Amino acid sequence: MEAHSSQSIASLQYADPQVDELLKHSIRTQLESLLKAKLTTGQRQLLLQKSFVDAMTLVLSNTQVEHLQLVYAFEAMYDQAVQSMALAQLSQEQLTRQYVSASGLIMSPHNCKHTIKDVYRIKGYARGIDLAIQSKLKHASSITILYPACGPFAPLLLPLLSYYKDSQIFTSKQINVILVDVHPGAILSLQQLVKDLQLDDFILRIEAADATEYEPAESIDLLVLEAMQHGFTKEGQLSIAKHLVQFLTLDGWMIPQNVSVRGMLVIGETEFNQQWKEVEYSHSLNTNTSAQQDRVELGEILNINKSTLLNMQELELQDGVKVIPASKIKLPTGVKDMGERILAIYAHIDTFADEGVEQYDSGVTHPRPDMTFYIDAKPRDVEHTHFVASSGDMVQFYYQLSGLPGFVPVKL
Amino acid sequence: MQKFAVFTGSCQSLPVVQYLLQTNQLACVVLVDTQQNYDLMQLQHWLQQSAIETLTYKCSDDKGLIAQLDRLAVNRGLIYLFRHKIRPALIQYFSGHLVNIHPSPLPDYRGPFPLYWQLRNGENTTALTLHQVTESVDCGNIAADVEIEIHPFDTMNCVQYKVAQALPRLVEKFCQLDEKQEIKWRNQEGNGSKSAPQVEQQQLIVNWHKQTSKQVVNMARAGNVDSGCALFQFRSEAFQLLQASVVDSALTGVQAGMVIEVDRQNGLVIKTVDGALRLDIIGTQQGVFDGYRFAVLFGLEAGLSLVQKDF
């Protein structure tokens, strides 16, 4: 008993005061519950592993699971994962550094930690990745998975690997994972989480590297790409995908298999407010028919898959900005209230087979209003840098790869 | 015998008053006709303690004042930080011996805010210029001037202190020339392409689309701890930018006004039209913070824009 007590105290010493004050502030509930529970390291790891397995069991289940049940399971996973992050003892600098790199936004681990609560993104990906792995392992004894820019928790893969380990569906001999992230804080956090989940055998390497330049020594069977922030903006996932797709084996797959980025013209109030007034949470299943009918769809602006990535032509503008030509779209005519409409860009993500993440399922598929795009209307701002066009105009969209990625319309 | 009346409304003129007092050339001090403020009260208190005769300027007319000046046999007038336009009757009373000290190399920076605009325009030097008062403000012939260096880190208070230090030197130079009747009045050369007007509220707000990094840096130090403090907007709220520094950035494809870094060491870095800028010190209603702490507390994330969109 005495030996047990001293072991408990030793294992709890990390929670206070070595955790950075900012992290301590933002996850104080989780730290308090950890302190109160007086768990040994082993007990805490078991709870962590269980939370990951439980969430994946629900996600992979083919029976209907209540939204709230999923939310609670993902909250539990988050609560446990942030305790591992606290154990990793990131300095405040490692925790909070965030910046815009040459190819996109690099978020801080402090801000990234919430992505593990993005229920339907992780669900769509985990189910897709699971099917892809099953399919690959029918014909191969082992596969290599590359997950670039995976963040501090690698949420699209680590929960699934925990599930495999627990259910012994696949072993670490069959699955080799390379995790890559440029942020030193994310790497420290990942190392701790992998250790706590006891998934070391599944992980071939955790690499601290810029994914737009990283060159894996191995051929890659599955390339897992996080979706970008909504409207397919800000983060450099397209640059990452474009660079890493060359390392896929001939029959290798990118997950998601296809991303379709589309544009629509909407009345902001109807699309983003009225549509959601009567529903509990925003999700593709909860969209409102009349709001959907009110949309004026512009069609697909960009399509991203293995094939389009391999054939993508990059242009460099005079100021060094790199762009990819996307679709040409003719702005519709005869829309009465065109001057009141705003452009919204949204993505539909097919992760694998029939699995995917649809509009409003996740922050990343949430339509993004572009308040700088004016049709049949004039910006009030005198010094504006907005795009102004008229009904019937032909617009060429470009996707900007440099700095903060996003779509740039040009009137033809 | 020269007998001076000093026209002022600020303690910043005390070096002049003291010099004239010590050299036995001070007859009186004429104070501004304005509401009481701390600076003026301090000045009045000091003058009272030093038993210096004070007269009050009246915005309505000069008759009473001229009579009092005459009673004191005042034959020289020196204006510094007075903020009233002198009327012809008073100018005539002094018969060419009424001078004003203007803190700029005239004819540049004529107007009520010369030091602010010189700092904001990033001038390396300024001058204290002593010139004859005419009916056109800041336009009279120059008798003497002294050059003052401006350090790249100087704020308004720093420059005001330097100006105060240089004041007695300038006045001594002028008095000696006057005594020896060696003043050589010279015309103000050139048109004065740079002006120093009243600062409009809109001019205090950082325009990320137009201003270079250096211009924002200078704007911040010109208004550091002053009513002309530089402001930037975020989520419809205005924050004071008290200090900023130029940083290198080779980033392309990022619009000016975008937050490009939040880091404990590197601080809060914003893209500008010609590079980038670190917001060093920010004043808020909740207190004064460095850029990093401000970003963390107020939720400024990399990738967010400080450009206010007007829809």
# chains A, B, ... in the order shown; residues from 1 in each chain; ligands from 1

$ interface_residues --of "chain B" --to "chain A" --cutoff "10 Å" --atoms "only C-alpha atoms" --output "PDB file with all heavy atoms, in the first residue's frame"
ATOM      1  N   ASN B 207      -3.268  52.291 -41.776  1.00  0.00           N
ATOM      2  CA  ASN B 207      -3.846  51.873 -43.058  1.00  0.00           C
ATOM      3  C   ASN B 207      -2.931  50.792 -43.640  1.00  0.00           C
ATOM      4  O   ASN B 207      -1.912  51.073 -44.260  1.00  0.00           O
ATOM      5  CB  ASN B 207      -3.939  53.081 -44.001  1.00  0.00           C
ATOM      6  CG  ASN B 207      -4.624  52.718 -45.309  1.00  0.00           C
ATOM      7  OD1 ASN B 207      -4.625  51.562 -45.727  1.00  0.00           O
ATOM      8  ND2 ASN B 207      -5.221  53.708 -45.944  1.00  0.00           N
ATOM      9  N   HIS B 209      -3.209  48.811 -46.056  1.00  0.00           N
ATOM     10  CA  HIS B 209      -3.107  48.742 -47.513  1.00  0.00           C
ATOM     11  C   HIS B 209      -2.055  49.702 -48.061  1.00  0.00           C
ATOM     12  O   HIS B 209      -1.515  49.491 -49.134  1.00  0.00           O
ATOM     13  CB  HIS B 209      -4.448  49.111 -48.176  1.00  0.00           C
ATOM     14  CG  HIS B 209      -5.473  48.036 -48.056  1.00  0.00           C
ATOM     15  ND1 HIS B 209      -5.185  46.723 -48.312  1.00  0.00           N
ATOM     16  CD2 HIS B 209      -6.778  48.075 -47.706  1.00  0.00           C
ATOM     17  CE1 HIS B 209      -6.269  45.995 -48.129  1.00  0.00           C
ATOM     18  NE2 HIS B 209      -7.251  46.788 -47.754  1.00  0.00           N
ATOM     19  N   LYS B 210      -1.807  50.796 -47.324  1.00  0.00           N
ATOM     20  CA  LYS B 210      -0.966  51.854 -47.878  1.00  0.00           C
ATOM     21  C   LYS B 210       0.356  52.062 -47.145  1.00  0.00           C
ATOM     22  O   LYS B 210       1.360  52.388 -47.762  1.00  0.00           O
ATOM     23  CB  LYS B 210      -1.735  53.182 -47.852  1.00  0.00           C
ATOM     24  CG  LYS B 210      -2.810  53.270 -48.905  1.00  0.00           C
ATOM     25  CD  LYS B 210      -3.384  54.670 -48.936  1.00  0.00           C
ATOM     26  CE  LYS B 210      -4.320  54.821 -50.130  1.00  0.00           C
ATOM     27  NZ  LYS B 210      -5.033  56.089 -50.076  1.00  0.00           N
ATOM     28  N   ALA B 250      10.047  37.582 -46.349  1.00  0.00           N
ATOM     29  CA  ALA B 250      10.080  37.313 -47.789  1.00  0.00           C
ATOM     30  C   ALA B 250       8.792  36.627 -48.234  1.00  0.00           C
ATOM     31  O   ALA B 250       8.698  36.136 -49.348  1.00  0.00           O
ATOM     32  CB  ALA B 250      11.281  36.438 -48.099  1.00  0.00           C
ATOM     33  N   LEU B 251       7.811  36.606 -47.345  1.00  0.00           N
ATOM     34  CA  LEU B 251       6.554  35.908 -47.670  1.00  0.00           C
ATOM     35  C   LEU B 251       5.864  36.550 -48.864  1.00  0.00           C
ATOM     36  O   LEU B 251       5.744  37.771 -48.934  1.00  0.00           O
ATOM     37  CB  LEU B 251       5.594  36.001 -46.479  1.00  0.00           C
ATOM     38  CG  LEU B 251       5.580  34.893 -45.444  1.00  0.00           C
ATOM     39  CD1 LEU B 251       4.486  35.173 -44.434  1.00  0.00           C
ATOM     40  CD2 LEU B 251       5.388  33.528 -46.077  1.00  0.00           C
ATOM     41  N   THR B 252       5.398  35.705 -49.775  1.00  0.00           N
ATOM     42  CA  THR B 252       4.585  36.225 -50.871  1.00  0.00           C
ATOM     43  C   THR B 252       3.187  35.626 -50.744  1.00  0.00           C
ATOM     44  O   THR B 252       2.995  34.622 -50.069  1.00  0.00           O
ATOM     45  CB  THR B 252       5.171  35.826 -52.243  1.00  0.00           C
ATOM     46  OG1 THR B 252       5.291  34.406 -52.271  1.00  0.00           O
ATOM     47  CG2 THR B 252       6.508  36.461 -52.492  1.00  0.00           C
ATOM     48  N   GLY B 253       2.242  36.256 -51.396  1.00  0.00           N
ATOM     49  CA  GLY B 253       0.894  35.715 -51.386  1.00  0.00           C
ATOM     50  C   GLY B 253       0.141  35.946 -50.095  1.00  0.00           C
ATOM     51  O   GLY B 253      -0.823  35.247 -49.816  1.00  0.00           O
ATOM     52  N   VAL B 254       0.592  36.908 -49.318  1.00  0.00           N
ATOM     53  CA  VAL B 254      -0.103  37.233 -48.071  1.00  0.00           C
ATOM     54  C   VAL B 254      -0.434  38.725 -48.100  1.00  0.00           C
ATOM     55  O   VAL B 254       0.443  39.546 -48.353  1.00  0.00           O
ATOM     56  CB  VAL B 254       0.774  36.914 -46.837  1.00  0.00           C
ATOM     57  CG1 VAL B 254       0.040  37.264 -45.555  1.00  0.00           C
ATOM     58  CG2 VAL B 254       1.161  35.449 -46.833  1.00  0.00           C
ATOM     59  N   GLN B 255      -1.676  39.049 -47.845  1.00  0.00           N
ATOM     60  CA  GLN B 255      -2.091  40.449 -47.915  1.00  0.00           C
ATOM     61  C   GLN B 255      -1.586  41.247 -46.712  1.00  0.00           C
ATOM     62  O   GLN B 255      -1.476  40.701 -45.608  1.00  0.00           O
ATOM     63  CB  GLN B 255      -3.604  40.536 -47.947  1.00  0.00           C
ATOM     64  CG  GLN B 255      -4.172  40.120 -49.292  1.00  0.00           C
ATOM     65  CD  GLN B 255      -5.610  40.518 -49.449  1.00  0.00           C
ATOM     66  OE1 GLN B 255      -6.302  40.752 -48.471  1.00  0.00           O
ATOM     67  NE2 GLN B 255      -6.075  40.584 -50.679  1.00  0.00           N
ATOM     68  N   MET B 258      -2.209  41.088 -42.482  1.00  0.00           N
ATOM     69  CA  MET B 258      -2.434  39.714 -42.010  1.00  0.00           C
ATOM     70  C   MET B 258      -1.456  39.386 -40.873  1.00  0.00           C
ATOM     71  O   MET B 258      -0.290  39.740 -40.924  1.00  0.00           O
ATOM     72  CB  MET B 258      -2.197  38.766 -43.186  1.00  0.00           C
ATOM     73  CG  MET B 258      -2.686  37.372 -42.999  1.00  0.00           C
ATOM     74  SD  MET B 258      -4.461  37.266 -43.088  1.00  0.00           S
ATOM     75  CE  MET B 258      -4.775  37.377 -44.830  1.00  0.00           C
ATOM     76  N   VAL B 259      -1.964  38.707 -39.839  1.00  0.00           N
ATOM     77  CA  VAL B 259      -1.078  38.218 -38.771  1.00  0.00           C
ATOM     78  C   VAL B 259      -0.266  37.061 -39.355  1.00  0.00           C
ATOM     79  O   VAL B 259      -0.842  36.082 -39.837  1.00  0.00           O
ATOM     80  CB  VAL B 259      -1.893  37.697 -37.567  1.00  0.00           C
ATOM     81  CG1 VAL B 259      -0.967  37.142 -36.493  1.00  0.00           C
ATOM     82  CG2 VAL B 259      -2.775  38.792 -36.997  1.00  0.00           C
ATOM     83  N   ILE B 260       1.066  37.186 -39.371  1.00  0.00           N
ATOM     84  CA  ILE B 260       1.857  36.092 -39.951  1.00  0.00           C
ATOM     85  C   ILE B 260       2.648  35.314 -38.905  1.00  0.00           C
ATOM     86  O   ILE B 260       3.196  34.264 -39.208  1.00  0.00           O
ATOM     87  CB  ILE B 260       2.789  36.574 -41.089  1.00  0.00           C
ATOM     88  CG1 ILE B 260       3.710  37.693 -40.620  1.00  0.00           C
ATOM     89  CG2 ILE B 260       1.990  36.974 -42.304  1.00  0.00           C
ATOM     90  CD1 ILE B 260       4.776  38.050 -41.674  1.00  0.00           C
ATOM     91  N   GLU B 261       2.687  35.800 -37.690  1.00  0.00           N
ATOM     92  CA  GLU B 261       3.367  35.012 -36.660  1.00  0.00           C
ATOM     93  C   GLU B 261       2.908  35.454 -35.273  1.00  0.00           C
ATOM     94  O   GLU B 261       2.728  36.641 -35.014  1.00  0.00           O
ATOM     95  CB  GLU B 261       4.889  35.189 -36.775  1.00  0.00           C
ATOM     96  CG  GLU B 261       5.645  34.254 -35.866  1.00  0.00           C
ATOM     97  CD  GLU B 261       7.150  34.219 -36.153  1.00  0.00           C
ATOM     98  OE1 GLU B 261       7.616  34.960 -37.031  1.00  0.00           O
ATOM     99  OE2 GLU B 261       7.841  33.440 -35.489  1.00  0.00           O
ATOM    100  N   VAL B 262       2.727  34.451 -34.421  1.00  0.00           N
ATOM    101  CA  VAL B 262       2.528  34.719 -32.993  1.00  0.00           C
ATOM    102  C   VAL B 262       3.505  33.795 -32.283  1.00  0.00           C
ATOM    103  O   VAL B 262       3.427  32.575 -32.395  1.00  0.00           O
ATOM    104  CB  VAL B 262       1.087  34.400 -32.548  1.00  0.00           C
ATOM    105  CG1 VAL B 262       0.953  34.580 -31.041  1.00  0.00           C
ATOM    106  CG2 VAL B 262       0.072  35.268 -33.269  1.00  0.00           C
ATOM    107  N   ASP B 263       4.464  34.392 -31.600  1.00  0.00           N
ATOM    108  CA  ASP B 263       5.533  33.597 -31.016  1.00  0.00           C
ATOM    109  C   ASP B 263       6.074  34.326 -29.796  1.00  0.00           C
ATOM    110  O   ASP B 263       6.182  35.551 -29.794  1.00  0.00           O
ATOM    111  CB  ASP B 263       6.639  33.415 -32.069  1.00  0.00           C
ATOM    112  CG  ASP B 263       7.829  32.643 -31.532  1.00  0.00           C
ATOM    113  OD1 ASP B 263       7.761  31.414 -31.534  1.00  0.00           O
ATOM    114  OD2 ASP B 263       8.806  33.285 -31.089  1.00  0.00           O
ATOM    115  N   ARG B 264       6.417  33.538 -28.781  1.00  0.00           N
ATOM    116  CA  ARG B 264       6.868  34.166 -27.538  1.00  0.00           C
ATOM    117  C   ARG B 264       8.132  35.005 -27.754  1.00  0.00           C
ATOM    118  O   ARG B 264       8.297  36.056 -27.139  1.00  0.00           O
ATOM    119  CB  ARG B 264       7.132  33.083 -26.492  1.00  0.00           C
ATOM    120  CG  ARG B 264       7.180  33.644 -25.102  1.00  0.00           C
ATOM    121  CD  ARG B 264       7.291  32.553 -24.087  1.00  0.00           C
ATOM    122  NE  ARG B 264       7.248  33.114 -22.744  1.00  0.00           N
ATOM    123  CZ  ARG B 264       7.401  32.402 -21.672  1.00  0.00           C
ATOM    124  NH1 ARG B 264       7.598  31.107 -21.746  1.00  0.00           N
ATOM    125  NH2 ARG B 264       7.356  32.959 -20.486  1.00  0.00           N
ATOM    126  N   GLN B 265       9.040  34.498 -28.590  1.00  0.00           N
ATOM    127  CA  GLN B 265      10.290  35.235 -28.831  1.00  0.00           C
ATOM    128  C   GLN B 265      10.097  36.308 -29.906  1.00  0.00           C
ATOM    129  O   GLN B 265      10.514  37.441 -29.736  1.00  0.00           O
ATOM    130  CB  GLN B 265      11.390  34.274 -29.306  1.00  0.00           C
ATOM    131  CG  GLN B 265      11.680  33.141 -28.352  1.00  0.00           C
ATOM    132  CD  GLN B 265      12.176  33.626 -27.009  1.00  0.00           C
ATOM    133  OE1 GLN B 265      12.893  34.619 -26.916  1.00  0.00           O
ATOM    134  NE2 GLN B 265      11.776  32.943 -25.944  1.00  0.00           N
ATOM    135  N   ASN B 266       9.489  35.916 -31.009  1.00  0.00           N
ATOM    136  CA  ASN B 266       9.375  36.838 -32.141  1.00  0.00           C
ATOM    137  C   ASN B 266       8.188  37.783 -32.030  1.00  0.00           C
ATOM    138  O   ASN B 266       8.082  38.733 -32.812  1.00  0.00           O
ATOM    139  CB  ASN B 266       9.274  36.058 -33.451  1.00  0.00           C
ATOM    140  CG  ASN B 266      10.501  35.197 -33.682  1.00  0.00           C
ATOM    141  OD1 ASN B 266      11.570  35.469 -33.135  1.00  0.00           O
ATOM    142  ND2 ASN B 266      10.350  34.154 -34.465  1.00  0.00           N
ATOM    143  N   GLY B 267       7.291  37.523 -31.108  1.00  0.00           N
ATOM    144  CA  GLY B 267       6.177  38.425 -30.867  1.00  0.00           C
ATOM    145  C   GLY B 267       5.042  38.272 -31.865  1.00  0.00           C
ATOM    146  O   GLY B 267       4.852  37.221 -32.469  1.00  0.00           O
ATOM    147  N   LEU B 268       4.330  39.375 -32.027  1.00  0.00           N
ATOM    148  CA  LEU B 268       3.175  39.409 -32.940  1.00  0.00           C
ATOM    149  C   LEU B 268       3.626  40.118 -34.214  1.00  0.00           C
ATOM    150  O   LEU B 268       3.972  41.298 -34.179  1.00  0.00           O
ATOM    151  CB  LEU B 268       2.029  40.169 -32.260  1.00  0.00           C
ATOM    152  CG  LEU B 268       0.806  40.523 -33.109  1.00  0.00           C
ATOM    153  CD1 LEU B 268       0.121  39.279 -33.658  1.00  0.00           C
ATOM    154  CD2 LEU B 268      -0.190  41.341 -32.279  1.00  0.00           C
ATOM    155  N   VAL B 269       3.635  39.376 -35.322  1.00  0.00           N
ATOM    156  CA  VAL B 269       4.180  39.929 -36.568  1.00  0.00           C
ATOM    157  C   VAL B 269       3.061  40.064 -37.609  1.00  0.00           C
ATOM    158  O   VAL B 269       2.286  39.132 -37.817  1.00  0.00           O
ATOM    159  CB  VAL B 269       5.318  39.043 -37.112  1.00  0.00           C
ATOM    160  CG1 VAL B 269       5.950  39.683 -38.342  1.00  0.00           C
ATOM    161  CG2 VAL B 269       6.377  38.808 -36.040  1.00  0.00           C
ATOM    162  N   LYS B 271       1.999  41.293 -41.607  1.00  0.00           N
ATOM    163  CA  LYS B 271       2.490  41.557 -42.968  1.00  0.00           C
ATOM    164  C   LYS B 271       2.155  42.999 -43.340  1.00  0.00           C
ATOM    165  O   LYS B 271       1.069  43.491 -43.016  1.00  0.00           O
ATOM    166  CB  LYS B 271       1.789  40.596 -43.935  1.00  0.00           C
ATOM    167  CG  LYS B 271       2.271  40.696 -45.363  1.00  0.00           C
ATOM    168  CD  LYS B 271       3.555  39.953 -45.577  1.00  0.00           C
ATOM    169  CE  LYS B 271       4.011  40.032 -47.024  1.00  0.00           C
ATOM    170  NZ  LYS B 271       4.573  41.318 -47.422  1.00  0.00           N
ATOM    171  N   TYR B 292       2.940  39.484 -28.108  1.00  0.00           N
ATOM    172  CA  TYR B 292       2.649  38.061 -27.892  1.00  0.00           C
ATOM    173  C   TYR B 292       1.501  37.884 -26.896  1.00  0.00           C
ATOM    174  O   TYR B 292       0.534  37.181 -27.145  1.00  0.00           O
ATOM    175  CB  TYR B 292       3.921  37.364 -27.396  1.00  0.00           C
ATOM    176  CG  TYR B 292       3.673  35.978 -26.847  1.00  0.00           C
ATOM    177  CD1 TYR B 292       3.386  34.919 -27.702  1.00  0.00           C
ATOM    178  CD2 TYR B 292       3.713  35.741 -25.472  1.00  0.00           C
ATOM    179  CE1 TYR B 292       3.141  33.650 -27.205  1.00  0.00           C
ATOM    180  CE2 TYR B 292       3.474  34.477 -24.969  1.00  0.00           C
ATOM    181  CZ  TYR B 292       3.190  33.436 -25.836  1.00  0.00           C
ATOM    182  OH  TYR B 292       2.935  32.186 -25.333  1.00  0.00           O
ATOM    183  N   VAL B 296      -2.314  36.385 -27.535  1.00  0.00           N
ATOM    184  CA  VAL B 296      -2.865  35.236 -26.806  1.00  0.00           C
ATOM    185  C   VAL B 296      -4.153  35.645 -26.073  1.00  0.00           C
ATOM    186  O   VAL B 296      -5.166  34.948 -26.126  1.00  0.00           O
ATOM    187  CB  VAL B 296      -1.820  34.657 -25.825  1.00  0.00           C
ATOM    188  CG1 VAL B 296      -2.444  33.598 -24.928  1.00  0.00           C
ATOM    189  CG2 VAL B 296      -0.645  34.048 -26.593  1.00  0.00           C
ATOM    190  N   GLU B 301      -4.902  35.189 -34.177  1.00  0.00           N
ATOM    191  CA  GLU B 301      -4.262  33.975 -34.671  1.00  0.00           C
ATOM    192  C   GLU B 301      -3.527  34.281 -35.966  1.00  0.00           C
ATOM    193  O   GLU B 301      -3.944  35.161 -36.726  1.00  0.00           O
ATOM    194  CB  GLU B 301      -5.327  32.903 -34.974  1.00  0.00           C
ATOM    195  CG  GLU B 301      -6.313  32.632 -33.868  1.00  0.00           C
ATOM    196  CD  GLU B 301      -5.716  31.831 -32.733  1.00  0.00           C
ATOM    197  OE1 GLU B 301      -4.529  31.468 -32.825  1.00  0.00           O
ATOM    198  OE2 GLU B 301      -6.422  31.572 -31.750  1.00  0.00           O
ATOM    199  N   ALA B 302      -2.478  33.525 -36.237  1.00  0.00           N
ATOM    200  CA  ALA B 302      -1.814  33.639 -37.537  1.00  0.00           C
ATOM    201  C   ALA B 302      -2.865  33.358 -38.612  1.00  0.00           C
ATOM    202  O   ALA B 302      -3.690  32.457 -38.457  1.00  0.00           O
ATOM    203  CB  ALA B 302      -0.666  32.646 -37.632  1.00  0.00           C
ATOM    204  N   GLY B 303      -2.834  34.156 -39.671  1.00  0.00           N
ATOM    205  CA  GLY B 303      -3.810  33.972 -40.755  1.00  0.00           C
ATOM    206  C   GLY B 303      -5.018  34.897 -40.634  1.00  0.00           C
ATOM    207  O   GLY B 303      -5.816  34.978 -41.552  1.00  0.00           O
ATOM    208  N   LEU B 304      -5.150  35.588 -39.496  1.00  0.00           N
ATOM    209  CA  LEU B 304      -6.256  36.554 -39.349  1.00  0.00           C
ATOM    210  C   LEU B 304      -5.818  37.910 -39.907  1.00  0.00           C
ATOM    211  O   LEU B 304      -4.650  38.251 -39.859  1.00  0.00           O
ATOM    212  CB  LEU B 304      -6.622  36.742 -37.872  1.00  0.00           C
ATOM    213  CG  LEU B 304      -7.504  35.700 -37.217  1.00  0.00           C
ATOM    214  CD1 LEU B 304      -7.713  36.064 -35.750  1.00  0.00           C
ATOM    215  CD2 LEU B 304      -8.845  35.623 -37.917  1.00  0.00           C
ATOM    216  N   GLN B 308      -9.974  46.030 -41.578  1.00  0.00           N
ATOM    217  CA  GLN B 308     -11.410  46.071 -41.320  1.00  0.00           C
ATOM    218  C   GLN B 308     -12.134  46.112 -42.642  1.00  0.00           C
ATOM    219  O   GLN B 308     -11.859  46.973 -43.486  1.00  0.00           O
ATOM    220  CB  GLN B 308     -11.769  47.324 -40.503  1.00  0.00           C
ATOM    221  CG  GLN B 308     -11.146  47.348 -39.130  1.00  0.00           C
ATOM    222  CD  GLN B 308     -11.748  46.316 -38.199  1.00  0.00           C
ATOM    223  OE1 GLN B 308     -12.935  46.314 -37.950  1.00  0.00           O
ATOM    224  NE2 GLN B 308     -10.917  45.421 -37.672  1.00  0.00           N
ATOM    225  N   LYS B 309     -13.027  45.187 -42.847  1.00  0.00           N
ATOM    226  CA  LYS B 309     -13.773  45.174 -44.105  1.00  0.00           C
ATOM    227  C   LYS B 309     -15.086  45.926 -43.934  1.00  0.00           C
ATOM    228  O   LYS B 309     -15.795  45.747 -42.966  1.00  0.00           O
ATOM    229  CB  LYS B 309     -14.048  43.736 -44.541  1.00  0.00           C
ATOM    230  CG  LYS B 309     -12.767  43.031 -44.936  1.00  0.00           C
ATOM    231  CD  LYS B 309     -13.052  41.689 -45.553  1.00  0.00           C
ATOM    232  CE  LYS B 309     -11.785  41.056 -46.075  1.00  0.00           C
ATOM    233  NZ  LYS B 309     -10.901  40.596 -45.028  1.00  0.00           N
ATOM    234  N   ASP B 310     -15.348  46.782 -44.892  1.00  0.00           N
ATOM    235  CA  ASP B 310     -16.564  47.576 -44.839  1.00  0.00           C
ATOM    236  C   ASP B 310     -17.525  47.034 -45.892  1.00  0.00           C
ATOM    237  O   ASP B 310     -17.284  47.156 -47.086  1.00  0.00           O
ATOM    238  CB  ASP B 310     -16.192  49.040 -45.149  1.00  0.00           C
ATOM    239  CG  ASP B 310     -17.389  49.944 -45.073  1.00  0.00           C
ATOM    240  OD1 ASP B 310     -18.410  49.516 -44.508  1.00  0.00           O
ATOM    241  OD2 ASP B 310     -17.304  51.071 -45.572  1.00  0.00           O
ATOM    242  N   PHE B 311     -18.563  46.357 -45.467  1.00  0.00           N
ATOM    243  CA  PHE B 311     -19.462  45.725 -46.438  1.00  0.00           C
ATOM    244  C   PHE B 311     -20.695  46.587 -46.682  1.00  0.00           C
ATOM    245  O   PHE B 311     -21.207  47.168 -45.779  1.00  0.00           O
ATOM    246  CB  PHE B 311     -19.894  44.343 -45.926  1.00  0.00           C
ATOM    247  CG  PHE B 311     -18.727  43.467 -45.640  1.00  0.00           C
ATOM    248  CD1 PHE B 311     -18.481  43.002 -44.372  1.00  0.00           C
ATOM    249  CD2 PHE B 311     -17.854  43.135 -46.657  1.00  0.00           C
ATOM    250  CE1 PHE B 311     -17.388  42.204 -44.112  1.00  0.00           C
ATOM    251  CE2 PHE B 311     -16.767  42.347 -46.400  1.00  0.00           C
ATOM    252  CZ  PHE B 311     -16.529  41.883 -45.133  1.00  0.00           C
TER     253      PHE B 311
END

$ residues_around --residues "Ile282 in chain B" --least-positions-apart "3" --cutoff "8 Å" --atoms "only C-alpha atoms" --output "ChimeraX atom specification"
/B:239-243,279,288-291,294

$ write_last_selection --atoms "N, CA and C atoms" --output "PDB file, in the first residue's frame"
ATOM      1  N   PHE B 239      -7.168  49.544 -30.813  1.00  0.00           N
ATOM      2  CA  PHE B 239      -6.107  49.347 -29.822  1.00  0.00           C
ATOM      3  C   PHE B 239      -4.978  50.331 -30.105  1.00  0.00           C
ATOM      4  N   GLN B 240      -4.294  50.761 -29.041  1.00  0.00           N
ATOM      5  CA  GLN B 240      -3.198  51.714 -29.219  1.00  0.00           C
ATOM      6  C   GLN B 240      -1.919  50.968 -29.576  1.00  0.00           C
ATOM      7  N   LEU B 241      -1.269  51.434 -30.601  1.00  0.00           N
ATOM      8  CA  LEU B 241       0.029  50.854 -30.958  1.00  0.00           C
ATOM      9  C   LEU B 241       1.103  51.815 -30.460  1.00  0.00           C
ATOM     10  N   LEU B 242       1.760  51.429 -29.366  1.00  0.00           N
ATOM     11  CA  LEU B 242       2.718  52.329 -28.724  1.00  0.00           C
ATOM     12  C   LEU B 242       4.128  52.148 -29.265  1.00  0.00           C
ATOM     13  N   GLN B 243       4.440  50.944 -29.709  1.00  0.00           N
ATOM     14  CA  GLN B 243       5.772  50.711 -30.280  1.00  0.00           C
ATOM     15  C   GLN B 243       5.717  49.550 -31.270  1.00  0.00           C
ATOM     16  N   LEU B 279       4.486  44.130 -33.705  1.00  0.00           N
ATOM     17  CA  LEU B 279       3.788  45.050 -32.799  1.00  0.00           C
ATOM     18  C   LEU B 279       4.352  44.802 -31.405  1.00  0.00           C
ATOM     19  N   VAL B 288      -1.510  47.354 -20.640  1.00  0.00           N
ATOM     20  CA  VAL B 288      -0.522  47.461 -21.718  1.00  0.00           C
ATOM     21  C   VAL B 288       0.189  46.110 -21.839  1.00  0.00           C
ATOM     22  N   PHE B 289       0.282  45.594 -23.068  1.00  0.00           N
ATOM     23  CA  PHE B 289       0.840  44.255 -23.269  1.00  0.00           C
ATOM     24  C   PHE B 289       1.889  44.271 -24.378  1.00  0.00           C
ATOM     25  N   ASP B 290       2.791  43.291 -24.325  1.00  0.00           N
ATOM     26  CA  ASP B 290       3.625  43.081 -25.509  1.00  0.00           C
ATOM     27  C   ASP B 290       2.754  42.346 -26.540  1.00  0.00           C
ATOM     28  N   GLY B 291       3.252  42.285 -27.774  1.00  0.00           N
ATOM     29  CA  GLY B 291       2.438  41.735 -28.860  1.00  0.00           C
ATOM     30  C   GLY B 291       2.016  40.293 -28.617  1.00  0.00           C
ATOM     31  N   PHE B 294      -0.666  40.101 -25.966  1.00  0.00           N
ATOM     32  CA  PHE B 294      -1.883  40.683 -26.525  1.00  0.00           C
ATOM     33  C   PHE B 294      -2.559  39.656 -27.449  1.00  0.00           C
TER      34      PHE B 294
END

$ select_by_dssp --residues "range 187-285 of chain A" --states "strand (DSSP E or B)" --output "ChimeraX atom specification"
/A:203-208,220-224,229,233,248-255,258-266
